[in-house]
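**Q** Input file: coords-v2.cif. Contents: mmCIF, C-alpha atoms.
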```cif
data_start
#
loop_
_atom_site.label_atom_id
_atom_site.label_comp_id
_atom_site.auth_asym_id
_atom_site.auth_seq_id
_atom_site.Cartn_x
_atom_site.Cartn_y
_atom_site.Cartn_z
CA MET A 1099 198.11 38.69 -179.59
CA SER A 1100 197.91 38.02 -175.88
CA ILE A 1101 198.76 39.64 -172.59
CA ARG A 1102 200.65 38.44 -169.55
CA TYR A 1103 202.06 39.80 -166.32
CA LEU A 1104 204.67 38.95 -163.75
CA THR A 1105 204.74 40.12 -160.15
CA ALA A 1106 207.57 40.50 -157.67
CA GLY A 1107 207.89 41.58 -154.06
CA GLU A 1108 207.37 40.37 -150.50
CA THR A 1109 204.68 41.06 -147.93
CA HIS A 1110 207.07 43.13 -145.74
CA GLY A 1111 209.36 44.32 -148.52
CA PRO A 1112 209.42 47.88 -149.86
CA GLN A 1113 206.88 47.30 -152.63
CA LEU A 1114 205.02 44.94 -154.90
CA THR A 1115 205.82 45.28 -158.59
CA ALA A 1116 204.09 44.04 -161.73
CA ILE A 1117 204.91 44.31 -165.42
CA ILE A 1118 202.10 43.86 -167.93
CA GLU A 1119 203.11 42.97 -171.46
CA GLY A 1120 200.80 43.07 -174.48
CA LEU A 1121 198.37 45.87 -173.65
CA PRO A 1122 197.32 47.73 -176.80
CA SER A 1123 198.06 51.38 -177.29
CA ASN A 1124 195.48 54.13 -176.79
CA LEU A 1125 193.71 52.55 -173.82
CA THR A 1126 192.72 55.41 -171.52
CA ILE A 1127 193.61 54.65 -167.89
CA ASP A 1128 191.31 55.87 -165.14
CA PHE A 1129 193.71 56.16 -162.19
CA GLU A 1130 190.96 56.85 -159.69
CA ALA A 1131 189.08 53.71 -160.77
CA LEU A 1132 192.31 51.69 -160.58
CA ASN A 1133 192.93 52.68 -156.98
CA PHE A 1134 189.28 52.26 -156.07
CA GLN A 1135 189.63 48.56 -156.87
CA LEU A 1136 192.69 48.30 -154.60
CA GLN A 1137 190.76 49.98 -151.79
CA ARG A 1138 187.88 47.53 -152.24
CA ARG A 1139 190.29 44.66 -151.64
CA GLN A 1140 191.24 46.08 -148.24
CA LYS A 1141 187.70 46.27 -146.92
CA GLY A 1142 185.56 43.67 -145.19
CA HIS A 1143 184.43 42.73 -141.71
CA GLY A 1144 187.01 40.44 -140.14
CA ARG A 1145 190.18 41.93 -141.65
CA GLY A 1146 193.29 42.24 -139.47
CA ARG A 1147 195.43 45.22 -138.38
CA ARG A 1148 197.51 45.16 -141.59
CA MET A 1149 194.63 46.82 -143.43
CA GLN A 1150 194.82 49.73 -140.97
CA ILE A 1151 198.48 50.22 -141.89
CA GLU A 1152 198.36 49.81 -145.67
CA LYS A 1153 196.46 52.30 -147.81
CA ASP A 1154 197.09 50.70 -151.15
CA THR A 1155 197.73 52.91 -154.16
CA ALA A 1156 198.97 51.73 -157.54
CA ARG A 1157 201.62 53.87 -159.17
CA ILE A 1158 202.24 53.36 -162.88
CA VAL A 1159 205.90 53.93 -163.70
CA GLY A 1160 206.07 52.84 -167.33
CA GLY A 1161 203.98 52.21 -170.44
CA VAL A 1162 201.49 55.03 -169.90
CA ARG A 1163 201.91 58.64 -171.04
CA HIS A 1164 199.42 61.43 -170.45
CA GLY A 1165 196.88 58.92 -169.20
CA VAL A 1166 196.99 56.63 -172.24
CA THR A 1167 198.85 53.35 -172.85
CA THR A 1168 201.64 53.51 -175.42
CA GLY A 1169 201.80 49.82 -176.37
CA ALA A 1170 204.96 49.34 -174.32
CA PRO A 1171 205.02 47.16 -171.16
CA VAL A 1172 203.12 48.76 -168.28
CA ALA A 1173 204.97 48.77 -164.94
CA ILE A 1174 202.96 49.07 -161.73
CA VAL A 1175 204.21 49.63 -158.18
CA VAL A 1176 202.19 49.18 -154.97
CA GLU A 1177 204.21 50.36 -151.98
CA ASN A 1178 204.11 48.59 -148.61
CA LYS A 1179 203.64 51.25 -145.94
CA ASP A 1180 204.71 48.72 -143.29
CA TRP A 1181 208.17 48.55 -144.88
CA ALA A 1182 209.49 51.19 -142.46
CA SER A 1183 209.18 48.70 -139.61
CA TRP A 1184 210.84 45.91 -141.57
CA SER A 1185 213.58 47.72 -143.51
CA GLN A 1186 216.37 46.08 -141.51
CA ILE A 1187 214.85 42.59 -141.31
CA MET A 1188 213.96 42.56 -145.03
CA ASN A 1189 217.05 44.40 -146.28
CA VAL A 1190 218.38 43.01 -149.57
CA GLU A 1191 221.95 43.57 -148.29
CA PRO A 1192 223.53 41.22 -145.72
CA ILE A 1193 222.93 42.26 -142.10
CA GLU A 1194 224.64 41.39 -138.84
CA GLY A 1195 222.74 39.84 -135.98
CA ASN A 1196 221.42 36.60 -134.55
CA ASP A 1197 218.33 34.68 -135.60
CA GLU A 1198 216.10 36.63 -133.24
CA GLU A 1199 217.30 39.98 -134.61
CA LYS A 1200 216.80 38.72 -138.16
CA ARG A 1201 213.35 37.43 -137.20
CA ARG A 1202 214.20 34.01 -138.58
CA VAL A 1203 211.21 31.66 -138.80
CA HIS A 1204 211.91 27.99 -138.06
CA ARG A 1205 208.48 26.88 -136.91
CA PRO A 1206 206.20 26.15 -139.90
CA ARG A 1207 202.49 26.95 -139.62
CA PRO A 1208 199.97 24.31 -140.68
CA GLY A 1209 198.03 25.29 -143.81
CA HIS A 1210 200.73 27.66 -145.07
CA ALA A 1211 203.47 27.21 -147.66
CA ASP A 1212 206.14 27.40 -144.92
CA LEU A 1213 207.33 23.78 -144.66
CA ASN A 1214 206.75 22.75 -148.28
CA GLY A 1215 208.54 25.84 -149.54
CA GLY A 1216 211.44 25.38 -147.12
CA LEU A 1217 211.92 21.80 -148.26
CA LYS A 1218 211.56 22.64 -151.96
CA TYR A 1219 214.00 25.57 -152.01
CA ASN A 1220 216.23 24.31 -149.16
CA LEU A 1221 215.57 27.44 -147.10
CA LYS A 1222 216.37 27.23 -143.40
CA ASP A 1223 214.67 30.57 -142.71
CA LEU A 1224 210.99 30.03 -143.49
CA ARG A 1225 210.45 33.78 -143.59
CA ASN A 1226 211.81 33.60 -147.14
CA VAL A 1227 208.80 31.41 -147.97
CA LEU A 1228 206.02 33.17 -146.09
CA GLU A 1229 207.08 36.62 -147.30
CA ARG A 1230 206.36 35.68 -150.92
CA SER A 1231 203.54 33.17 -150.43
CA SER A 1232 201.53 35.73 -148.43
CA ALA A 1233 198.19 36.91 -149.81
CA ARG A 1234 199.66 40.41 -149.79
CA GLU A 1235 200.74 39.62 -153.37
CA THR A 1236 197.08 39.75 -154.44
CA ALA A 1237 197.19 43.55 -154.09
CA VAL A 1238 199.26 43.89 -157.24
CA ARG A 1239 197.27 41.14 -158.96
CA VAL A 1240 194.17 43.24 -158.36
CA ALA A 1241 195.99 46.20 -159.90
CA CYS A 1242 196.71 44.16 -163.05
CA GLY A 1243 193.14 42.91 -163.13
CA ALA A 1244 191.85 46.46 -162.72
CA ILE A 1245 193.70 47.47 -165.90
CA ALA A 1246 192.17 44.46 -167.69
CA ARG A 1247 188.78 45.48 -166.31
CA GLN A 1248 189.12 48.95 -167.83
CA PHE A 1249 190.03 47.38 -171.16
CA LEU A 1250 186.88 45.22 -171.06
CA GLU A 1251 184.69 48.13 -170.00
CA ALA A 1252 185.71 49.91 -173.21
CA PHE A 1253 183.80 47.15 -175.01
CA GLY A 1254 180.74 47.21 -172.76
CA VAL A 1255 181.74 44.30 -170.50
CA LYS A 1256 180.69 44.64 -166.85
CA ILE A 1257 182.03 42.65 -163.89
CA GLY A 1258 180.57 42.25 -160.40
CA GLY A 1259 180.92 40.02 -157.38
CA GLN A 1260 179.30 39.00 -154.14
CA VAL A 1261 179.76 36.79 -151.10
CA ILE A 1262 177.52 33.73 -151.20
CA ARG A 1263 178.49 32.14 -147.89
CA ILE A 1264 180.62 32.76 -144.81
CA GLY A 1265 180.94 29.63 -142.73
CA GLU A 1266 177.47 28.45 -141.69
CA ILE A 1267 175.71 31.59 -142.95
CA GLU A 1268 174.44 31.51 -146.54
CA ALA A 1269 173.05 34.50 -148.43
CA PRO A 1270 169.72 34.13 -150.26
CA ALA A 1271 169.93 33.76 -154.04
CA ASN A 1272 169.32 36.81 -156.23
CA GLN A 1273 169.03 37.63 -159.93
CA LEU A 1274 170.42 41.18 -159.87
CA SER A 1275 172.18 42.83 -162.77
CA VAL A 1276 175.88 43.56 -162.37
CA ASP A 1277 175.16 47.26 -161.82
CA GLU A 1278 172.66 46.51 -159.05
CA LEU A 1279 174.94 43.90 -157.56
CA ASN A 1280 177.89 46.27 -157.37
CA GLU A 1281 175.82 49.08 -155.87
CA ARG A 1282 174.38 46.94 -153.09
CA THR A 1283 177.45 44.87 -152.22
CA GLU A 1284 179.69 47.94 -152.11
CA ALA A 1285 177.53 49.25 -149.27
CA SER A 1286 177.90 45.97 -147.32
CA SER A 1287 180.68 45.18 -144.86
CA VAL A 1288 180.69 41.56 -146.06
CA ARG A 1289 179.71 42.14 -149.72
CA VAL A 1290 176.25 40.63 -149.56
CA VAL A 1291 173.01 42.00 -151.00
CA ASP A 1292 170.71 41.17 -148.07
CA PRO A 1293 171.05 43.43 -144.94
CA GLU A 1294 169.74 40.74 -142.60
CA THR A 1295 172.36 38.29 -143.85
CA GLU A 1296 175.03 40.97 -143.41
CA GLN A 1297 174.17 41.31 -139.71
CA LYS A 1298 174.24 37.54 -139.21
CA MET A 1299 177.61 37.25 -140.94
CA GLU A 1300 179.15 40.08 -138.90
CA ALA A 1301 178.03 38.48 -135.63
CA TYR A 1302 179.28 35.09 -136.82
CA ILE A 1303 182.73 36.47 -137.73
CA ASP A 1304 182.98 38.27 -134.38
CA GLN A 1305 182.21 35.05 -132.53
CA ILE A 1306 184.78 33.11 -134.56
CA LYS A 1307 187.42 35.76 -133.83
CA LYS A 1308 186.57 35.75 -130.13
CA GLU A 1309 187.20 32.00 -130.11
CA GLY A 1310 190.63 32.49 -131.68
CA ASP A 1311 189.58 30.79 -134.89
CA SER A 1312 189.03 31.73 -138.54
CA VAL A 1313 186.35 31.08 -141.15
CA GLY A 1314 186.14 30.76 -144.94
CA GLY A 1315 183.31 30.95 -147.44
CA VAL A 1316 182.10 31.04 -151.02
CA VAL A 1317 182.25 34.01 -153.41
CA GLU A 1318 180.74 34.61 -156.84
CA CYS A 1319 181.79 36.65 -159.87
CA VAL A 1320 179.38 37.62 -162.67
CA VAL A 1321 180.42 39.01 -166.07
CA GLU A 1322 177.89 40.59 -168.44
CA GLY A 1323 178.23 41.79 -172.03
CA LEU A 1324 180.54 39.13 -173.45
CA PRO A 1325 180.24 38.03 -177.06
CA VAL A 1326 179.84 34.42 -178.13
CA GLY A 1327 183.07 32.56 -178.87
CA LEU A 1328 185.75 33.64 -176.39
CA GLY A 1329 187.93 30.62 -175.68
CA SER A 1330 187.99 27.51 -177.86
CA TYR A 1331 187.04 23.83 -177.96
CA VAL A 1332 189.95 22.72 -180.16
CA GLN A 1333 192.61 22.26 -177.43
CA TYR A 1334 192.30 21.67 -173.69
CA ASP A 1335 194.42 24.68 -172.74
CA ARG A 1336 192.34 27.09 -174.83
CA LYS A 1337 189.08 26.37 -173.01
CA LEU A 1338 188.29 29.65 -171.27
CA ASP A 1339 186.31 28.12 -168.42
CA GLY A 1340 189.31 25.90 -167.66
CA ARG A 1341 191.66 28.89 -167.69
CA ILE A 1342 189.36 30.81 -165.38
CA ALA A 1343 189.19 27.82 -163.03
CA GLN A 1344 193.00 27.71 -162.86
CA ALA A 1345 193.18 31.46 -162.17
CA VAL A 1346 190.63 31.24 -159.36
CA MET A 1347 192.42 28.27 -157.81
CA SER A 1348 195.66 30.26 -157.87
CA ILE A 1349 194.24 32.77 -155.37
CA ASN A 1350 195.64 32.21 -151.89
CA ALA A 1351 193.49 29.83 -149.79
CA PHE A 1352 191.07 28.93 -152.63
CA LYS A 1353 190.29 25.21 -152.70
CA GLY A 1354 187.48 24.86 -155.23
CA VAL A 1355 185.78 26.50 -158.20
CA GLU A 1356 182.58 25.96 -160.16
CA ILE A 1357 180.93 27.45 -163.25
CA GLY A 1358 177.18 28.05 -163.26
CA ILE A 1359 175.38 25.47 -161.11
CA GLY A 1360 178.70 23.64 -160.82
CA PHE A 1361 178.68 20.61 -158.52
CA GLU A 1362 174.89 20.64 -158.38
CA ALA A 1363 174.98 19.31 -161.96
CA GLY A 1364 176.22 16.03 -160.51
CA VAL A 1365 172.89 15.31 -158.81
CA LEU A 1366 170.45 16.60 -161.45
CA ARG A 1367 169.11 15.09 -164.66
CA GLY A 1368 170.27 16.38 -168.03
CA SER A 1369 166.93 18.05 -168.67
CA GLN A 1370 167.48 20.06 -165.48
CA VAL A 1371 171.00 21.12 -166.39
CA HIS A 1372 171.32 22.11 -170.04
CA ASP A 1373 170.17 25.49 -171.37
CA GLU A 1374 167.71 25.45 -174.28
CA ILE A 1375 168.58 27.56 -177.33
CA ILE A 1376 166.17 30.26 -178.58
CA HIS A 1377 166.36 32.70 -181.48
CA GLU A 1378 164.60 36.06 -181.80
CA ASP A 1379 164.84 38.73 -184.47
CA GLY A 1380 166.87 41.62 -183.14
CA ARG A 1381 168.38 39.57 -180.36
CA GLY A 1382 169.73 36.55 -182.19
CA TYR A 1383 170.57 33.33 -180.37
CA TYR A 1384 170.33 33.09 -176.60
CA ARG A 1385 169.64 30.54 -173.87
CA ALA A 1386 166.35 30.09 -172.03
CA SER A 1387 168.32 29.67 -168.78
CA ASN A 1388 171.92 30.02 -167.63
CA ARG A 1389 172.62 26.93 -165.57
CA LEU A 1390 175.92 26.35 -167.38
CA GLY A 1391 177.17 29.78 -166.33
CA GLY A 1392 177.78 31.29 -169.76
CA PHE A 1393 179.98 28.47 -171.13
CA GLU A 1394 179.53 25.59 -173.53
CA GLY A 1395 182.45 23.64 -174.99
CA GLY A 1396 185.02 25.87 -173.31
CA MET A 1397 183.61 28.96 -175.04
CA THR A 1398 181.39 31.83 -173.97
CA ASN A 1399 177.83 31.49 -175.30
CA GLY A 1400 176.70 35.09 -174.86
CA MET A 1401 174.99 34.58 -171.50
CA PRO A 1402 176.46 36.08 -168.31
CA VAL A 1403 179.52 34.23 -167.04
CA VAL A 1404 178.99 33.01 -163.47
CA VAL A 1405 181.98 31.72 -161.48
CA ARG A 1406 182.11 30.68 -157.82
CA GLY A 1407 185.12 29.93 -155.67
CA VAL A 1408 185.48 28.49 -152.18
CA MET A 1409 188.02 29.95 -149.79
CA LYS A 1410 189.27 27.91 -146.85
CA PRO A 1411 189.62 29.54 -143.42
CA ILE A 1412 192.82 31.57 -142.96
CA PRO A 1413 195.35 29.08 -141.50
CA THR A 1414 197.06 31.54 -139.15
CA LEU A 1415 195.10 31.11 -135.94
CA TYR A 1416 195.19 32.74 -132.54
CA LYS A 1417 194.26 29.25 -131.33
CA PRO A 1418 197.39 27.63 -132.77
CA LEU A 1419 197.63 24.13 -134.22
CA ARG A 1420 200.38 21.54 -133.70
CA SER A 1421 203.53 21.57 -135.81
CA VAL A 1422 207.24 20.59 -135.67
CA ASP A 1423 210.30 22.84 -135.23
CA ILE A 1424 212.63 22.34 -138.23
CA ASP A 1425 215.71 22.90 -136.05
CA THR A 1426 214.97 20.57 -133.14
CA LYS A 1427 212.28 18.37 -134.78
CA GLU A 1428 210.38 18.82 -131.51
CA PRO A 1429 206.60 19.39 -131.52
CA PHE A 1430 205.18 22.81 -130.68
CA THR A 1431 202.03 24.84 -131.19
CA ALA A 1432 202.39 27.01 -134.30
CA GLN A 1433 203.49 30.61 -133.83
CA VAL A 1434 201.10 33.35 -134.80
CA GLU A 1435 201.73 35.90 -137.53
CA ARG A 1436 199.33 38.84 -137.86
CA SER A 1437 196.25 37.66 -139.73
CA ASP A 1438 192.52 38.00 -140.44
CA ALA A 1439 189.64 36.14 -138.85
CA CYS A 1440 187.82 36.27 -142.19
CA ALA A 1441 189.07 37.52 -145.56
CA VAL A 1442 186.17 36.24 -147.68
CA PRO A 1443 184.84 39.72 -148.68
CA ALA A 1444 188.32 40.73 -149.84
CA ALA A 1445 188.72 37.43 -151.68
CA SER A 1446 185.56 38.26 -153.62
CA VAL A 1447 187.29 41.36 -154.98
CA VAL A 1448 190.45 39.42 -155.83
CA MET A 1449 188.42 36.83 -157.72
CA GLU A 1450 186.70 39.52 -159.79
CA HIS A 1451 190.09 40.66 -161.00
CA VAL A 1452 191.66 37.32 -161.81
CA VAL A 1453 188.51 36.52 -163.82
CA ALA A 1454 188.73 39.92 -165.52
CA TRP A 1455 192.32 39.17 -166.49
CA GLU A 1456 191.56 35.81 -168.08
CA ILE A 1457 188.61 37.21 -170.01
CA ALA A 1458 190.63 40.19 -171.26
CA LYS A 1459 193.37 37.79 -172.33
CA ALA A 1460 190.87 35.67 -174.29
CA PHE A 1461 189.30 38.82 -175.76
CA LEU A 1462 192.66 39.98 -177.08
CA GLU A 1463 193.43 36.55 -178.49
CA LYS A 1464 190.16 36.68 -180.42
CA PHE A 1465 190.17 40.31 -181.54
CA GLY A 1466 193.86 41.14 -181.15
CA GLY A 1467 195.58 44.20 -182.49
CA ASP A 1468 198.24 46.66 -181.41
CA SER A 1469 195.88 49.56 -180.78
CA MET A 1470 192.40 50.01 -179.37
CA ASP A 1471 191.22 51.21 -182.79
CA GLU A 1472 192.39 48.03 -184.51
CA ILE A 1473 190.82 45.82 -181.85
CA ARG A 1474 187.53 47.69 -182.04
CA ALA A 1475 187.40 47.28 -185.81
CA ASN A 1476 188.03 43.53 -185.46
CA TYR A 1477 185.39 43.29 -182.74
CA ASN A 1478 182.73 45.16 -184.70
CA ASN A 1479 183.40 43.05 -187.78
CA TYR A 1480 182.92 39.87 -185.74
CA LEU A 1481 179.67 41.13 -184.20
CA ALA A 1482 178.35 41.83 -187.70
CA GLN A 1483 179.30 38.30 -188.74
CA VAL A 1484 177.53 36.78 -185.75
CA GLU A 1485 174.42 38.90 -186.33
CA THR A 1486 173.97 37.56 -189.86
CA TYR A 1487 174.67 33.91 -189.01
#
```
Let me see the file written as structure tokens.

**A**
Amino acid sequence: MSIRYLTAGETHGPQLTAIIEGLPSNLTIDFEALNFQLQRRQKGHGRGRRMQIEKDTARIVGGVRHGVTTGAPVAIVVENKDWASWSQIMNVEPIEGNDEEKRRVHRPRPGHADLNGGLKYNLKDLRNVLERSSARETAVRVACGAIARQFLEAFGVKIGGQVIRIGEIEAPANQLSVDELNERTEASSVRVVDPETEQKMEAYIDQIKKEGDSVGGVVECVVEGLPVGLGSYVQYDRKLDGRIAQAVMSINAFKGVEIGIGFEAGVLRGSQVHDEIIHEDGRGYYRASNRLGGFEGGMTNGMPVVVRGVMKPIPTLYKPLRSVDIDTKEPFTAQVERSDACAVPAASVVMEHVVAWEIAKAFLEKFGGDSMDEIRANYNNYLAQVETY
């Protein structure tokens, strides 16, 4: 058994829609917790005016009855409040008017999907590309991940995240539990643990914005409470760390991912990289360290999963870059669409939820069943097997 979802919708369309297939029955849905995760995605120092317009709320319109999943596909809708201002321009029916009235886009922005998408799909109005390729789509991906997160929480799995770096400012390392991490980062405007670093990052973002530029950074996701053996070593596409890496790289503007110490492993000796194995009565097998970030051989090893992703600066700048008009082929400086100076704190929340989804998917593949009761029985039987190994 596995789960999957599809999303549909545009950044200025009426809504974003997702359908989740494969959720077991009898999973209790906490609607307040679901929408809390969507609200977290909208926060962060450096966000643009769009976040003042949208107040994201997920509405479940299928697959849940009286607060509990039925086993049928779950349909989720996140409405775009800005749709009222775009209802004519984004109407699904044909409309009269010239290019200006239709808000046709013919000047591709460097760093966006505009030109590549126009060439690929033979679209002469690049708005058809940017409307779908926009990071607005991550709102409904967070909603799907929030459902997966609730599924994992039912089995004691906890997920947290933090910002590691924004531009030139790096946060000091910490060894906090997920509960402590969530409590402290939720109180931070940039999702860092250290208040002094928060102030430096805020000032840095403000300066970048003042200069008409944008800035990226590095975010981290930590997952506690996972059993040994999620994922597999037998085929390349079943390695869970590889699947997580793909999911993280699919987030808008992400250009790199690492597990555990990641790229640092390329400059260290083997004795400084690998985690020694220890066994204790009552605890079983565990690792003396967690430099490999909870994975060995494409499988979880029982230690916390640690994933980091790097987000490039938002490419829509108020200090525009050079590009070429697709109509005239003449050079110009790229037009500005509304954007953020820094979306790294929000990206941290998005990454938590794409990681949650991949782990929930692997969990169901390992312990699958059609109901929560069946899955729990399979899970408990496996834990008993592992305990006596």

**Q** What residues come out when you apply the PyMOL selection byres ((chain A and resi 1278) around 12) to this file, written as a PyMOL selection string?

**A** chain A and resi 1256-1260+1272-1277+1279-1285+1290-1291+1320

**Q** Apply the PyMOL selection byres ((chain A and resi 1170) around 12) to the displayed file and report the matching residues as JSON, numbers by chain.

**A** {"A": [1101, 1117, 1118, 1119, 1120, 1121, 1122, 1123, 1124, 1125, 1159, 1160, 1161, 1162, 1163, 1166, 1167, 1168, 1169, 1171, 1172, 1173, 1468, 1469]}

**Q** For a quick check of understanding, using all atoms listed in the file, which of A:Thr1126, A:Asp1471, A:Ile1342, A:Glu1309 has the smallest distance to Gly1165 of chain A?

**A**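 Using all atoms listed in the file, the shortest distance to Gly1165 of chain A belongs to A:Thr1126.
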
**Q** Do you know which residues the PyMOL selection byres ((chain A and resi 1328-1337) around 7) returns on this file, as an MDAnalysis selection string?

**A** chainID A and resid 1326:1327 1338:1341 1395:1398 1460:1461 1464

**Q** Can I get the selection written as a PDB file, in the frame of the given file, with C-alpha atoms?

**A**
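Output saved as out-v7.pdb:
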```
ATOM      1  CA  VAL A1326     179.840  34.420-178.130  1.00  0.00           C
ATOM      2  CA  GLY A1327     183.070  32.560-178.870  1.00  0.00           C
ATOM      3  CA  LEU A1338     188.290  29.650-171.270  1.00  0.00           C
ATOM      4  CA  ASP A1339     186.310  28.120-168.420  1.00  0.00           C
ATOM      5  CA  GLY A1340     189.310  25.900-167.660  1.00  0.00           C
ATOM      6  CA  ARG A1341     191.660  28.890-167.690  1.00  0.00           C
ATOM      7  CA  GLY A1395     182.450  23.640-174.990  1.00  0.00           C
ATOM      8  CA  GLY A1396     185.020  25.870-173.310  1.00  0.00           C
ATOM      9  CA  MET A1397     183.610  28.960-175.040  1.00  0.00           C
ATOM     10  CA  THR A1398     181.390  31.830-173.970  1.00  0.00           C
ATOM     11  CA  ALA A1460     190.870  35.670-174.290  1.00  0.00           C
ATOM     12  CA  PHE A1461     189.300  38.820-175.760  1.00  0.00           C
ATOM     13  CA  LYS A1464     190.160  36.680-180.420  1.00  0.00           C
TER      14      LYS A1464
END
```

**Q** Excluding segment 1220-1236 of chain A and its own-chain neighbours fewer than 6 positions away, which residues fall within 10 Å of it when counting all atoms listed in the file? Please give them as a ChimeraX atom specification.

**A** /A:1105-1111,1113-1115,1136,1139,1148,1176,1178,1188,1197,1200-1207,1210-1214,1242,1349-1351,1424-1425,1435,1444-1445,1447-1449,1451-1452

**Q** Go ahead and find all residues with at least one atom no further than 9 Å from (194.9, 53.9, -159.8) in the file's coordinates, using only C-alpha atoms; report them as a VMD selection string.

**A** chain A and resid 1127 to 1136 1155 to 1158 1241 1244 to 1245

**Q** For a quick check of understanding, using all atoms listed in the file, which of A:Leu1104, A:Leu1415, A:Leu1217, A:Leu1366 has the smallest distance to Thr1431 of chain A?

**A**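 Once distances to Thr1431 of chain A are computed over all atoms listed in the file, the minimum belongs to A:Leu1415.
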
**Q** Please indicate the distance in Å from atom CA of Arg1289 of chain A to atom CA of Phe1393 of chain A, rounded to one decimal place.

**A**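 Between these atoms lies a distance of 25.4 Å.
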
**Q** Show me the residues close to (176.2, 35.2, -167.5) - anything with an atom within 9 Å, counting only C-alpha atoms - and format the list as a short mmCIF file (atom, residue, chain, number, x, y, z; two decimals) with C-alpha atoms, keeping the file's coordinate frame.

**A**
```cif
data_model
loop_
_atom_site.label_atom_id
_atom_site.label_comp_id
_atom_site.auth_asym_id
_atom_site.auth_seq_id
_atom_site.Cartn_x
_atom_site.Cartn_y
_atom_site.Cartn_z
CA VAL A 1320 179.38 37.62 -162.67
CA VAL A 1321 180.42 39.01 -166.07
CA GLU A 1322 177.89 40.59 -168.44
CA GLY A 1323 178.23 41.79 -172.03
CA LEU A 1324 180.54 39.13 -173.45
CA GLY A 1358 177.18 28.05 -163.26
CA ASN A 1388 171.92 30.02 -167.63
CA LEU A 1390 175.92 26.35 -167.38
CA GLY A 1391 177.17 29.78 -166.33
CA GLY A 1392 177.78 31.29 -169.76
CA PHE A 1393 179.98 28.47 -171.13
CA THR A 1398 181.39 31.83 -173.97
CA ASN A 1399 177.83 31.49 -175.30
CA GLY A 1400 176.70 35.09 -174.86
CA MET A 1401 174.99 34.58 -171.50
CA PRO A 1402 176.46 36.08 -168.31
CA VAL A 1403 179.52 34.23 -167.04
CA VAL A 1404 178.99 33.01 -163.47
#
```

**Q** May I ask for the distance between atom CA of Ile1412 of chain A and atom CA of Lys1218 of chain A, given in Å to one decimal place?

**A**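 Computed distance, atom CA of Ile1412 of chain A to atom CA of Lys1218 of chain A, equals 22.6 Å.
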
**Q** Residues of segment 1334-1382 of chain A that have any atom at most 9 Å from an atom of segment 1474-1486 of chain A: could you tabulate them with the shortest-distance atom pair and the distance in Å to one decimal, using all atoms listed in the file, ordered by chain and increasing number, as a tab-separated table?

**A**
```
residue	atom	partner	partner_atom	distance
A:Gly1380	CA	A:Glu1485	CA	8.6
A:Arg1381	CA	A:Glu1485	CA	8.5
A:Gly1382	CA	A:Glu1485	CA	6.7
```

**Q** Using only C-alpha atoms, which residues sit within 7 Å of segment 1292-1295 of chain A once same-chain residues fewer than 3 positions away are excluded, as a list in words?

**A**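 Residues meeting the cut-off are Ala1269, Lys1298 and Met1299 of chain A.
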
**Q** Restricting the output to C-alpha atoms, write the selected residues as a JSON list (two decimals), in the frame of the given file.

**A**
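Done, and the output landed in selection_28.json:
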```
[["chain", "number", "residue", "atom", "x", "y", "z"],
["A", 1269, "ALA", "CA", 173.05, 34.50, -148.43],
["A", 1298, "LYS", "CA", 174.24, 37.54, -139.21],
["A", 1299, "MET", "CA", 177.61, 37.25, -140.94]]
```

**Q** Which value, in Å to one decimal, gives the distance between atom CA of Asp1438 of chain A and atom CA of Lys1308 of chain A?

**A**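 Separation of atom CA of Asp1438 of chain A and atom CA of Lys1308 of chain A: 12.1 Å.
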
**Q** Taking only C-alpha atoms into account, name the residue in A:Gly1368, A:Gly1467, A:Gly1407, A:Gly1144 that is nearest to Phe1352 of chain A.

**A**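 The shortest atom-to-atom distance to Phe1352 of chain A comes from A:Gly1407.
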
**Q** Choose the residue, out of A:Gly1209, A:Pro1411, A:Gly1243, A:Gly1466, that has the smallest atom-to-atom separation from Asp1311 of chain A; count all atoms listed in the file.

**A**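 Looking only at the distances to Asp1311 of chain A, the closest residue turns out to be A:Pro1411.
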